file model-v2.txt (compact mmCIF, C-alpha atoms)
# COMPACT_ATOMS: atom_id res chain seq x y z
CA MET F 1 -51.36 13.79 9.02
CA PRO F 2 -52.87 14.95 12.32
CA GLU F 3 -55.60 12.98 14.04
CA VAL F 4 -58.69 15.23 14.12
CA TRP F 5 -60.29 15.50 17.55
CA LEU F 6 -62.73 18.37 16.93
CA ARG F 7 -64.05 19.54 13.57
CA PRO F 8 -65.24 23.00 12.52
CA ASN F 9 -68.90 23.98 12.34
CA ARG F 10 -69.54 22.75 8.80
CA ARG F 11 -73.14 23.94 8.73
CA ALA F 12 -72.16 27.54 9.48
CA LEU F 13 -69.33 27.51 6.95
CA LEU F 14 -71.53 26.03 4.22
CA LEU F 15 -74.24 28.63 4.94
CA GLY F 16 -71.52 31.27 4.75
CA MET F 17 -70.78 30.19 1.19
CA ILE F 18 -74.26 31.12 -0.07
CA LEU F 19 -73.64 34.87 -0.39
CA PRO F 20 -70.24 34.49 -2.13
CA ALA F 21 -71.81 31.94 -4.51
CA LEU F 22 -74.51 34.47 -5.38
CA ALA F 23 -71.78 37.07 -5.97
CA VAL F 24 -70.01 34.69 -8.36
CA LEU F 25 -73.25 34.11 -10.26
CA ALA F 26 -74.05 37.84 -10.41
CA GLY F 27 -70.53 38.69 -11.56
CA ALA F 28 -70.52 35.95 -14.19
CA TRP F 29 -73.96 37.10 -15.37
CA GLY F 30 -72.62 40.67 -15.72
CA VAL F 31 -69.65 39.50 -17.76
CA ALA F 32 -71.89 37.30 -19.95
CA ILE F 33 -74.30 40.17 -20.63
CA ALA F 34 -71.40 42.45 -21.54
CA LEU F 35 -70.05 39.80 -23.95
CA ILE F 36 -73.45 39.10 -25.53
CA THR F 37 -74.26 42.78 -26.06
CA GLN F 38 -70.68 43.42 -27.17
CA ALA F 39 -70.39 46.19 -24.61
CA SER F 40 -67.13 47.91 -23.88
CA PHE F 41 -64.42 45.92 -22.09
CA TRP F 42 -64.84 48.31 -19.15
CA TRP F 43 -68.34 46.96 -18.50
CA MET F 44 -66.89 43.49 -17.88
CA ILE F 45 -64.46 44.60 -15.17
CA PRO F 46 -67.01 45.11 -12.32
CA GLY F 47 -68.65 41.75 -13.01
CA GLY F 48 -65.29 40.01 -13.17
CA LEU F 49 -64.12 41.63 -9.91
CA ILE F 50 -67.34 40.64 -8.13
CA ALA F 51 -67.01 37.05 -9.38
CA LEU F 52 -63.33 36.90 -8.32
CA ALA F 53 -64.16 38.24 -4.84
CA GLY F 54 -66.85 35.57 -4.49
CA ILE F 55 -64.46 32.85 -5.62
CA TYR F 56 -61.86 34.05 -3.11
CA LEU F 57 -64.39 33.98 -0.26
CA ILE F 58 -65.62 30.52 -1.22
CA GLY F 59 -62.01 29.31 -1.30
CA SER F 60 -61.31 30.81 2.14
CA LEU F 61 -64.40 29.19 3.62
CA GLY F 62 -63.53 25.90 1.89
CA HIS F 63 -60.07 26.04 3.45
CA SER F 64 -61.69 26.61 6.86
CA LEU F 65 -63.84 23.53 6.26
CA SER F 66 -60.71 21.45 5.78
CA GLN F 67 -59.04 22.71 8.98
CA PRO F 68 -59.93 20.97 12.25
CA ARG F 69 -60.42 22.99 15.43
CA VAL F 70 -58.41 20.57 17.57
CA ALA F 71 -56.12 17.81 16.35
CA TYR F 72 -53.30 15.66 17.65
CA GLU F 73 -49.83 14.85 16.36
CA PRO F 74 -47.41 12.79 18.43
CA GLY F 75 -46.59 14.84 21.50
CA GLU F 76 -48.63 17.91 20.53
CA LEU F 77 -52.20 19.12 20.70
CA LEU F 78 -52.84 21.27 17.62
CA VAL F 79 -55.27 24.11 18.31
CA TYR F 80 -56.49 25.95 15.23
CA LEU F 81 -57.39 29.51 16.19
CA GLY F 82 -58.06 31.19 12.85
CA SER F 83 -54.46 31.51 11.69
CA VAL F 84 -52.78 29.48 8.96
CA GLU F 85 -50.70 27.43 11.38
CA PRO F 86 -52.08 25.83 14.53
CA VAL F 87 -50.73 26.54 17.99
CA ARG F 88 -48.79 23.44 19.06
CA VAL F 89 -49.29 22.73 22.76
CA PRO F 90 -47.24 19.94 24.38
CA ILE F 91 -49.74 17.20 25.22
CA GLU F 92 -48.20 16.84 28.69
CA VAL F 93 -49.51 20.27 29.74
CA VAL F 94 -53.10 19.57 28.63
CA GLU F 95 -55.16 18.46 31.63
CA VAL F 96 -58.80 18.22 30.53
CA PHE F 97 -61.50 19.36 28.11
CA PHE F 98 -64.80 20.62 29.47
CA VAL F 99 -67.89 22.51 28.36
CA GLY F 100 -68.59 26.13 29.20
CA GLN F 101 -71.17 28.73 28.27
CA GLY F 102 -70.17 32.12 26.96
CA ALA F 103 -70.39 34.89 24.42
CA SER F 104 -70.34 33.74 20.83
CA ASN F 105 -68.73 36.93 19.45
CA LEU F 106 -71.38 36.88 16.73
CA PRO F 107 -73.52 39.89 15.78
CA SER F 108 -76.18 40.92 18.30
CA VAL F 109 -79.71 39.61 17.91
CA LYS F 110 -82.41 42.00 19.21
CA GLY F 111 -79.74 43.95 21.08
CA LYS F 112 -78.44 40.87 22.88
CA GLU F 113 -75.21 39.04 22.09
CA PRO F 114 -75.98 35.36 21.52
CA GLU F 115 -74.36 32.82 23.78
CA THR F 116 -72.87 29.53 22.71
CA THR F 117 -71.58 26.34 24.26
CA ASN F 118 -67.79 26.54 24.27
CA ILE F 119 -65.05 23.95 24.62
CA ILE F 120 -62.52 24.84 27.28
CA VAL F 121 -59.06 23.29 27.37
CA ARG F 122 -57.43 23.51 30.79
CA LEU F 123 -53.65 23.55 30.80
CA ALA F 124 -51.42 22.60 33.74
CA GLU F 125 -50.94 25.37 36.26
CA SER F 126 -47.21 24.61 36.33
CA ALA F 127 -46.93 25.33 32.58
CA SER F 128 -46.24 29.05 32.97
CA ASP F 129 -45.14 29.40 29.32
CA TRP F 130 -48.66 28.41 28.23
CA LYS F 131 -50.69 30.76 30.46
CA HIS F 132 -51.61 33.32 27.81
CA ARG F 133 -51.56 33.83 24.05
CA ASP F 134 -52.98 36.61 21.92
CA VAL F 135 -55.49 34.92 19.63
CA ASN F 136 -58.28 35.99 17.30
CA PRO F 137 -61.19 36.70 19.71
CA ARG F 138 -63.74 35.54 17.13
CA PHE F 139 -62.41 31.99 17.43
CA ALA F 140 -61.04 31.71 20.96
CA HIS F 141 -59.88 33.29 24.18
CA TRP F 142 -56.65 32.17 25.89
CA CYS F 143 -55.99 33.39 29.39
CA GLU F 144 -54.80 32.04 32.77
CA GLY F 145 -54.04 28.62 31.29
CA TYR F 146 -57.50 28.14 29.79
CA ILE F 147 -58.17 28.02 26.05
CA THR F 148 -61.83 28.78 25.36
CA LEU F 149 -62.79 27.65 21.86
CA ARG F 150 -65.91 29.48 20.67
CA GLY F 151 -68.60 26.87 20.09
CA ALA F 152 -70.05 28.78 17.12
CA TRP F 153 -66.98 27.67 15.13
CA CYS F 154 -66.93 24.04 16.31
CA GLU F 155 -68.96 21.00 15.41
CA PRO F 156 -71.99 20.50 17.68
CA ILE F 157 -70.73 19.84 21.17
CA GLY F 158 -72.42 17.17 23.22
CA GLU F 159 -71.68 14.67 25.92
CA THR F 160 -70.37 12.15 23.39
CA ALA F 161 -67.92 14.65 21.86
CA MET F 162 -66.62 15.64 25.31
CA ARG F 163 -66.22 12.02 26.35
CA HIS F 164 -64.29 11.28 23.13
CA LEU F 165 -61.96 14.28 23.60
CA ASN F 166 -61.08 13.36 27.18
CA LYS F 167 -60.78 9.66 26.37
CA ARG F 168 -58.29 10.35 23.56
CA LEU F 169 -56.38 12.78 25.78
CA VAL F 170 -55.96 10.13 28.50
CA GLU F 171 -55.01 7.49 25.93
CA VAL F 172 -52.27 9.52 24.26
CA GLN F 173 -50.89 10.75 27.58
CA ARG F 174 -50.78 7.16 28.85
CA GLU F 175 -49.03 6.03 25.64
CA ARG F 176 -46.45 8.80 25.99
CA LYS F 177 -45.75 7.87 29.60
CA GLN F 178 -45.31 4.22 28.65
CA GLN F 179 -42.98 5.18 25.80
CA GLY F 180 -41.01 7.42 28.16
CA ALA F 181 -40.75 4.67 30.77
CA GLY F 182 -39.64 2.18 28.10
CA ALA F 183 -36.96 4.55 26.85
CA HIS F 184 -35.58 5.11 30.37
CA SER F 185 -35.35 1.46 31.38
CA ASN F 186 -31.83 0.12 30.95
CA PRO F 187 -31.56 -3.27 29.30
CA VAL F 188 -29.28 -5.74 31.05
CA PRO F 189 -26.04 -6.11 29.02
CA LYS F 190 -25.25 -9.57 27.64
CA GLY F 191 -23.44 -11.82 30.05
CA GLU F 192 -24.78 -10.01 33.13
CA GLY F 193 -27.84 -10.52 35.25
CA ALA F 194 -29.26 -12.94 37.74
call {"tool": "encode", "arguments": {"input": "model-v2.txt", "output": "structure tokens"}}
result
Amino acid sequence: MPEVWLRPNRRALLLGMILPALAVLAGAWGVAIALITQASFWWMIPGGLIALAGIYLIGSLGHSLSQPRVAYEPGELLVYLGSVEPVRVPIEVVEVFFVGQGASNLPSVKGKEPETTNIIVRLAESASDWKHRDVNPRFAHWCEGYITLRGAWCEPIGETAMRHLNKRLVEVQRERKQQGAGAHSNPVPKGEGA
């Protein structure tokens, strides 16, 4: 089970469930009315389809609630960018997390695109294999060794969250170095030594 470092924006996802929930209620109401009035089977189909679409959307949003935005498994930073599987970045190439300001990729408000506070993951310049990835632009942008996670889809980002991310990054990188150093040290065979 991965260690969650950054959660999704639960408030936005829960608000996003309101419209599908209303669709489920409307569809179920349509089916119930058709059953009560003993209407033709064909009158139940639209209500059933609307209810099923709402259930599907609620399930999708519920799944998104259960997915972190950034997590850690031994040796890998897991970055969830809107696909089923996370992108697994070797922890050794991750240098730092920092805050940035940028476009939210949300609908315009009064003709202006809203901005959001983003989390930026800087990767090592020497890691040429990790310079660029094509990702869903609603969730992130990955270019020139920087992964910009759209803040609209992350938990509220503050100084405490940034401190925690960088603290955990340093801790796991230090642990990995110590494990690597321990694995490379040669024990003295029995009967030898000073």
call {"tool": "residues_around", "arguments": {"input": "model-v2.txt", "residues": "segment 140-152 of chain F", "least_positions_apart": "4", "cutoff": "6 Å", "atoms": "only C-alpha atoms", "output": "list in words"}}
result
Thr116, Thr117, Asn118, Ile119, Ile120, Val121, Arg122, Leu123, Lys131, His132 and Arg133 of chain F
call {"tool": "closest_residue", "arguments": {"input": "model-v2.txt", "among": "F:Ala51, F:Val96, F:Val79, F:Val89", "to": "Val135 of chain F", "atoms": "only C-alpha atoms"}}
result
F:Val79
call {"tool": "closest_residue", "arguments": {"input": "model-v2.txt", "among": "F:Gly27, F:Gly16, F:Pro46, F:Gly75", "to": "Gln179 of chain F", "atoms": "only C-alpha atoms"}}
result
F:Gly75
call {"tool": "residues_around", "arguments": {"input": "model-v2.txt", "residues": "Cys154 of chain F", "least_positions_apart": "3", "cutoff": "7 Å", "atoms": "only C-alpha atoms", "output": "count of residues only"}}
result
5
call {"tool": "atom_distance", "arguments": {"input": "model-v2.txt", "atom1": "atom CA of Glu155 of chain F", "atom2": "atom CA of Arg10 of chain F"}}
result
6.9 Å
